[in-house]
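Student: One structure, as structure tokens, below. Some questions next.
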Amino acid sequence: MSYKAPLRDMLFDIKHLANIDAVAQMPGFEEAGFETAQAVLEECAKFNEGVLSPLNWEGDKNPSSFRSGVVATTPGFKEAYKQYAEGGWQGLQHPLDFGGQGLPKTIGAACREMLNSANMSFALCPLLSDGAIEALLTAGSGELKATYLKNLVSGQWTGTMNLTEPQAGSDLAMVRSRAEPQSDGSYKVFGTKIFITYGEHDMAENIVHLVLARVTGAPEGVKGISLFVVPKFMVNKDGSLGARNDVHCVSIEHKLGIRASPTAVLQYGDKGGAVGYIVGEENRGLEYMFIMMNSARYAVGMQGIAIAERAYQKAVQFAKDRIQSRPVDGSINASAPIIHHPDVKRMLMTMRAYTEGCRAMASSAAAAYDASHHHPDAAVRKQNQAFYEYMVPLVKGFSTEMSLEVTSLGVQVHGGMGFIEETGAAQYYRDAKILTIYEGTTAIQANDLVGRKTARDGGQTAKAIAQQIEATEGQLIAQGSVAAKAVAKRLKAARQAFIDVVNFVVGNAKASPNAVFAGSVPYLMLAGNLMAGWQMARSLLAAQEERLKGNEAAFMQAKIITAVFYADHLLSKAPGIRDSIVEGADSVTALALEAF
């Protein structure tokens, strides 16, 4: 089936949860109110539904190919990318100074979701360019910005992120690629990088690689890593392209999913050294790379939401079309569409609630990002920065793990047909698996949540968020409806479970680190579930208010029902997860290694 962008739900979140009109009051965003958001999202939907979505299945059947050092993307991708760049979509939320549109992340995040729902393999190319742009904006010299940013923002060139090496996966202390200083201020870069998304392709005229390497004589470990810009083609002083640089693709991977996206092995310096230019200062490369990583981690969380939405839409359509068995309540005296069966409804509601909950969580986080950069009050910027940073591992970790469950349910709704590639449900399941792995596995996100986001500040940020959740509970009780009270009950229990876990993490991180990290991923899942459930509770309040005004009654009623389902069936898991973390650490680590 074709993809249909969930515009009403996206715009609901942008209006009621992210409060786009408040974002539009911040300096630089004056023209980015709700009407602008609606116009941009509607135009974005047309492009993704009409151009990119039809190429998604084709990309899975006919992925990128590699011959004699040349990568050819799926037929149609090159032409689609040209339309994408010409439409200004790459520069949507990048600065006006470099040719972007300067729109807030609150709008850009929704557009990124559509892009990934329509065609995740295609969307990976712009995703990496966004990260490269962010790194150069933050740490690049004036010369680097002048040379590279305009063409990256326009989409005329694309960007990559080069971290991983054959011996250095998540442990970047083991990076061996080296950089030798040259008399003109440039460097010669040597080494091998693997798993480089869109490291080579035919969609843009130049590729700007951001590469981690060690300058000759640098300290061992992460303290000796620097970051370099290494272009595929050298850039002349007048901005034109010059000679081919000494960086070459030697192979691309054959993958479980996202098959149309070329994942390259790149070799630097086989012919004397690839010319590179340092970003920022020597030995601070990991710090700068984390700018790209945080940008990419949020974006990967959006990919999880996107693929879940696509799987949900396909499952709903199948459930309405597939005739199988009589309903158990006897309401139809013949075989009926399977959407009449309670367990199919349970699966579809689970898919719907998870997707809407994570979308709401991500939208709220995007608004905090915008406030952290643009709000005129420094204290408000600081508060929103802390909130956003806490949310990033949740958006990435919880939303991607969620996508595995949702896409698996999508296959299950299809039954045996879901196991057949031609029906398409399996592609979403396969594509989703990488999301819990790249840009930091779920365990790495959980380590970040435990260490940097919870233990480091004594749980202050987490508890401050819990206070906001408690305020929402009060609003639900005051609203007084049966639905609101039911959600308030579940939200309170989940919040209390969350606080217990935060206290456990803070109290034991130093004294019993194995006990804490044994529950790190469950902590992430509990926290993500709570944050999504909180936003669904806020959605219920907004939907009830809109329904009283007579606005979109059917949509608002569906939003209320989905929020109650989330509370009853998903948020209700939190207390049990709390018990496994606080009381179950010993059984994780007790078994002797030789017994495995």
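Every chain in the structure tokens has a letter given in the order shown (A, B, ...), and although residue numbers restart at 1 in each chain, ligands are simply numbered from 1 in the order shown.
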Hey, what's within 9 Å of region 71-73 of chain A if we count only C-alpha atoms and toss same-chain stuff fewer than 4 positions away? As a PyMOL selection string, please?
Tutor: chain A and resi 59+62-67+77-78+200-203+249+251-252+260-262
Student: Considering only strand (DSSP E) as DSSP defines it on the backbone, what residues of region 183-248 of chain A qualify? List them as a ChimeraX atom specification.
Tutor: /A:187-197,206-215,226-231,233-235,241-244,247-248
Student: Among region 151-381 of chain A, which ones does DSSP assign to helix (DSSP H, G or I) (computed from the backbone)? Answer as number ranges by chain.
Tutor: A: 151-154, 172-174, 222-224, 285-321, 338-340, 342-374, 378-381
Student: Please save C-alpha atoms of the selected residues as a CSV table (one decimal), in the first residue's frame.
Tutor:
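Ended up saving to selection_24.csv:
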chain,number,residue,atom,x,y,z
A,151,ASN,CA,26.6,23.3,-0.6
A,152,LEU,CA,25.9,21.0,2.2
A,153,VAL,CA,22.8,23.0,3.3
A,154,SER,CA,21.6,23.2,-0.3
A,172,LEU,CA,36.7,4.8,19.8
A,173,ALA,CA,39.8,4.8,22.0
A,174,MET,CA,41.0,2.1,19.6
A,222,VAL,CA,40.0,9.1,23.3
A,223,LYS,CA,42.1,12.1,24.4
A,224,GLY,CA,44.2,11.8,21.3
A,285,GLY,CA,37.7,15.4,17.8
A,286,LEU,CA,35.5,13.1,20.0
A,287,GLU,CA,33.9,16.2,21.6
A,288,TYR,CA,33.0,17.6,18.1
A,289,MET,CA,31.9,14.2,16.8
A,290,PHE,CA,29.4,14.0,19.6
A,291,ILE,CA,27.7,17.0,18.1
A,292,MET,CA,27.0,14.9,15.1
A,293,MET,CA,26.2,11.9,17.2
A,294,ASN,CA,23.5,13.7,19.3
A,295,SER,CA,22.0,15.1,16.1
A,296,ALA,CA,22.0,11.6,14.6
A,297,ARG,CA,20.7,9.9,17.7
A,298,TYR,CA,17.6,12.0,17.8
A,299,ALA,CA,17.2,11.5,14.1
A,300,VAL,CA,17.4,7.7,14.5
A,301,GLY,CA,14.7,7.9,17.1
A,302,MET,CA,12.6,9.6,14.5
A,303,GLN,CA,13.4,6.7,12.1
A,304,GLY,CA,11.9,4.3,14.7
A,305,ILE,CA,8.7,6.3,14.9
A,306,ALA,CA,8.6,6.6,11.1
A,307,ILE,CA,9.0,2.9,10.4
A,308,ALA,CA,6.4,2.1,13.1
A,309,GLU,CA,3.9,4.4,11.4
A,310,ARG,CA,4.5,2.8,8.0
A,311,ALA,CA,4.1,-0.7,9.5
A,312,TYR,CA,0.9,0.4,11.3
A,313,GLN,CA,-0.7,1.8,8.2
A,314,LYS,CA,0.0,-1.4,6.3
A,315,ALA,CA,-1.3,-3.6,9.1
A,316,VAL,CA,-4.6,-1.6,9.4
A,317,GLN,CA,-5.2,-1.9,5.7
A,318,PHE,CA,-4.6,-5.6,5.7
A,319,ALA,CA,-6.8,-6.1,8.7
A,320,LYS,CA,-9.6,-4.3,6.9
A,321,ASP,CA,-9.2,-6.4,3.7
A,338,ILE,CA,-9.9,-9.7,10.8
A,339,ILE,CA,-10.1,-6.2,12.2
A,340,HIS,CA,-13.3,-7.4,13.9
A,342,PRO,CA,-10.4,-8.5,19.6
A,343,ASP,CA,-6.8,-9.7,19.5
A,344,VAL,CA,-6.2,-8.1,16.1
A,345,LYS,CA,-7.6,-4.9,17.6
A,346,ARG,CA,-5.2,-5.3,20.6
A,347,MET,CA,-2.3,-5.6,18.2
A,348,LEU,CA,-3.3,-2.6,16.1
A,349,MET,CA,-4.0,-0.5,19.2
A,350,THR,CA,-0.6,-1.4,20.6
A,351,MET,CA,1.0,-0.3,17.3
A,352,ARG,CA,-1.0,2.9,17.2
A,353,ALA,CA,-0.4,3.8,20.9
A,354,TYR,CA,3.3,3.2,20.8
A,355,THR,CA,3.7,5.2,17.6
A,356,GLU,CA,1.6,8.2,18.7
A,357,GLY,CA,3.3,8.2,22.2
A,358,CYS,CA,6.8,8.2,20.8
A,359,ARG,CA,5.9,10.9,18.2
A,360,ALA,CA,4.5,13.1,21.0
A,361,MET,CA,7.6,12.5,23.1
A,362,ALA,CA,9.9,13.5,20.2
A,363,SER,CA,7.8,16.5,19.4
A,364,SER,CA,8.0,17.8,22.9
A,365,ALA,CA,11.8,17.2,22.9
A,366,ALA,CA,12.2,19.1,19.7
A,367,ALA,CA,10.4,22.1,21.2
A,368,ALA,CA,12.8,22.0,24.1
A,369,TYR,CA,15.7,21.9,21.7
A,370,ASP,CA,14.4,25.1,20.0
A,371,ALA,CA,13.9,26.8,23.3
A,372,SER,CA,17.4,25.8,24.5
A,373,HIS,CA,18.9,27.6,21.5
A,374,HIS,CA,16.5,30.6,20.9
A,378,ALA,CA,19.3,32.2,29.8
A,379,ALA,CA,17.7,30.3,32.7
A,380,VAL,CA,15.0,29.0,30.4
A,381,ARG,CA,17.6,28.0,27.8
Student: Write out as a ChimeraX atom specification which residues come within 7 Å of Val275 (chain A) when counting only C-alpha atoms, dropping same-chain ones fewer than 2 positions away.
Tutor: /A:186-189,230,245,273
Student: Excluding Ala426 (chain A) and its own-chain neighbours fewer than 6 positions away, which residues fall within 7 Å of it when counting only C-alpha atoms? Please give them as a VMD selection string.
Tutor: chain A and resid 411 418 to 419
